[in-house]
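> The structure that follows is given in the form of structure tokens.
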Amino acid sequence: MSMIHCDKASFSYDGTRILNKLSFTVERGDYLCIVGANGAGKTTIMKGILGLKKPLEGSIRFDDGLKPSEIGYLPQQSDIQKDFPASVMEVVLSGCLNKLGWRPFYGKKHRQLALSNMERMQITELKNKSYQELSGGQQQRVLLARALCASSRLLVLDEPVTGLDPIMSAELYRAVEEIHQNGMAVVMISHDVHQAVKHANKVLHVGNELFFGSTEDYLSSAVGRRFMGETL
């Protein structure tokens with residue numbers, strides 16, 4: 001059943017139309033990889049999914065009872081975020097903000113959820129360390145644990161392996177794959193296309209040519225073969 005349905009949506013960036021009549025769906029259990037050249041509009045699609053940007057025309061809607069509070073988001077990390085002066089526990093716990101409701105403080109269940117997701121990401125021993133003192137790979141695991149605190153049905157990741165070495169990138173992909181296998185739908189933008197499509201069951205390619213379909217069909221398509229060859 002469809003969780004997100006994009007129907008002939010068009011978007012602009014800085015006043016310039018960059019996406020035209022885009023259609024795709026995200027269903028339960030999907031792992032969708034969004035690919036394309038720089039400037040093609042990949043992050044704009046993310047913002048559309050998250051409700052941060054409205055299409056010029058067409059629509060993006062939630063189906064299957066999906067709520068914004070059930071979506072976790074791991075954005076591209078900026079230099080400012082890397083120097084965030086907070087403990088690992090504080091960063092992960094902040095993912096529970098959308099669950100507080102009218103309460104101004106975190107409760108026991110929120111702390112348990114944070115600890116559970118830190119254990120899941122194998123960073124429990126880092127909980128009292130300063131986030132800014134961690135390696136890039138450790139920081140991404142912290143942010144992934146934070147996103148898991150916010151999500152229950154859909155995890156959205158924007159270039160999660162940027163700046164990581166191949167070993168750390170592979171570890172992060174394995175962590176996301178495990179999350180997906182445990183029932184979470186995943187939507188990921190990645191510049192590391194060859195690794196990303198190994199895990200995805202669907203691909204959305206944006207740019208001068210549009211493609212949406214299974215990973216198998218993408219890899220055998222003209223646009224897929226050309227783009228994969230260009231990014232070797």
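Convention: chains lettered A, B, ... in structure tokens order; per-chain residue numbering from 1; ligands numbered from 1 as shown.
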List the spatial neighbours of A:Gly36 as an mmCIF file with N, CA, C and O atoms, in the first residue's frame - criterion: any atom at most 7 Å away, only C-alpha atoms, same-chain residues fewer than 4 positions off excluded.

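Once written, result37.cif looks like this:
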```
data_model
loop_
_atom_site.group_PDB
_atom_site.id
_atom_site.type_symbol
_atom_site.label_atom_id
_atom_site.label_comp_id
_atom_site.auth_asym_id
_atom_site.auth_seq_id
_atom_site.Cartn_x
_atom_site.Cartn_y
_atom_site.Cartn_z
ATOM 1 N N ALA A 40 19.981 18.683 -9.820
ATOM 2 C CA ALA A 40 18.817 18.118 -10.519
ATOM 3 C C ALA A 40 17.537 18.240 -9.703
ATOM 4 O O ALA A 40 16.443 18.082 -10.245
ATOM 5 N N HIS A 205 15.226 8.523 -10.645
ATOM 6 C CA HIS A 205 16.295 9.298 -11.284
ATOM 7 C C HIS A 205 15.696 10.602 -11.791
ATOM 8 O O HIS A 205 14.703 10.608 -12.512
ATOM 9 N N VAL A 206 16.317 11.727 -11.400
ATOM 10 C CA VAL A 206 15.832 13.038 -11.831
ATOM 11 C C VAL A 206 16.932 13.774 -12.587
ATOM 12 O O VAL A 206 18.118 13.533 -12.386
ATOM 13 N N GLY A 207 16.510 14.683 -13.457
ATOM 14 C CA GLY A 207 17.445 15.429 -14.287
ATOM 15 C C GLY A 207 16.815 15.651 -15.647
ATOM 16 O O GLY A 207 15.587 15.789 -15.762
#
```
> Using only C-alpha atoms, I'd like a table of the residues in stretch 141-179 of chain A that come within 10 Å of stretch 194-204 of chain A; for each, show the closest atom pair and its distance in Å rounded to one decimal, ordered by chain and ascending number, as a Markdown table.

```
| residue | atom | partner | partner_atom | distance |
| --- | --- | --- | --- | --- |
| A:Ser169 | CA | A:Gln195 | CA | 9.1 |
| A:Ala170 | CA | A:Gln195 | CA | 8.2 |
| A:Tyr173 | CA | A:Ala196 | CA | 7.7 |
| A:Arg174 | CA | A:His199 | CA | 9.0 |
| A:Val176 | CA | A:His199 | CA | 9.1 |
| A:Glu177 | CA | A:His199 | CA | 6.8 |
```
> Those residues you just picked out, can you put them in a file as a tab-separated table (two decimals), in the first residue's frame with C-alpha atoms?

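Resulting contents of out_17.tsv:
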```
chain	number	residue	atom	x	y	z
A	169	SER	CA	30.25	4.47	4.44
A	170	ALA	CA	29.87	0.69	4.19
A	173	TYR	CA	24.83	1.43	4.63
A	174	ARG	CA	24.74	-1.81	6.64
A	176	VAL	CA	20.41	1.48	7.28
A	177	GLU	CA	19.87	-1.90	5.61
```
> As a PyMOL selection string, please: all residues of stretch 21-212 of chain A that backbone DSSP puts in alpha helix (DSSP H).
chain A and resi 42-49+79-82+88-93+108-120+136-150+166-181+193-199
> Kindly assemble as a tab-separated table a list of the stretch 31-92 of chain A residues that lie within 9 Å of stretch 13-23 of chain A, each paired with its nearest atom pair and their distance in Å to one decimal, using only C-alpha atoms, sorted first by chain and then by ascending residue number.

```
residue	atom	partner	partner_atom	distance
A:Gly39	CA	A:Ile18	CA	8.2
A:Ala40	CA	A:Ile18	CA	6.5
A:Gly41	CA	A:Ile18	CA	6.2
A:Thr44	CA	A:Tyr13	CA	7.7
A:Ile45	CA	A:Leu19	CA	8.8
A:Leu56	CA	A:Arg17	CA	8.8
A:Glu57	CA	A:Lys21	CA	8.0
A:Gly58	CA	A:Lys21	CA	7.2
A:Ile60	CA	A:Ser23	CA	8.9
```
> Could you save the residues just selected, with C-alpha atoms, as a short mmCIF file (atom, residue, chain, number, x, y, z; two decimals), in the first residue's frame?

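Output file result-v4.cif follows:
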```cif
data_model
loop_
_atom_site.label_atom_id
_atom_site.label_comp_id
_atom_site.auth_asym_id
_atom_site.auth_seq_id
_atom_site.Cartn_x
_atom_site.Cartn_y
_atom_site.Cartn_z
CA GLY A 39 21.42 20.50 -9.09
CA ALA A 40 18.82 18.12 -10.52
CA GLY A 41 16.47 18.66 -7.57
CA THR A 44 13.99 19.61 -3.29
CA ILE A 45 12.13 16.29 -3.54
CA LEU A 56 4.10 24.53 -8.16
CA GLU A 57 1.51 22.12 -9.50
CA GLY A 58 0.55 18.52 -8.91
CA ILE A 60 2.60 15.02 -2.83
#
```
> In Å to one decimal, how far is atom CA of A:Lys109 from atom CA of A:Val142?
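Computing it gives 18.7 Å between the two atoms.
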> So the first atom is atom CA of A:Leu154 and the second is atom CA of A:Val186; what is the distance between them in Å, to one decimal place?
5.8 Å
> Using DSSP on the backbone coordinates, identify the residues of stretch 19-220 of chain A assigned to strand (DSSP E or B); present them as a PyMOL selection string.
chain A and resi 19-27+31-36+57-62+71-74+87+130+154-158+185-189+202-206+211-214
> Which one is closest to A:Ser69: A:Met168, A:Leu97, A:Met1, A:Cys6? Count only C-alpha atoms.
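Between A:Met168, A:Leu97, A:Met1, A:Cys6, the residue approaching A:Ser69 most closely is A:Leu97.
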> For A:Met121, please output as a VMD selection string all residues within 12 Å (counting only C-alpha atoms; exclusion window: fewer than 2 positions along the same chain).
chain A and resid 92 114 to 119 123 to 127 137 to 149 171 to 176 178 to 179
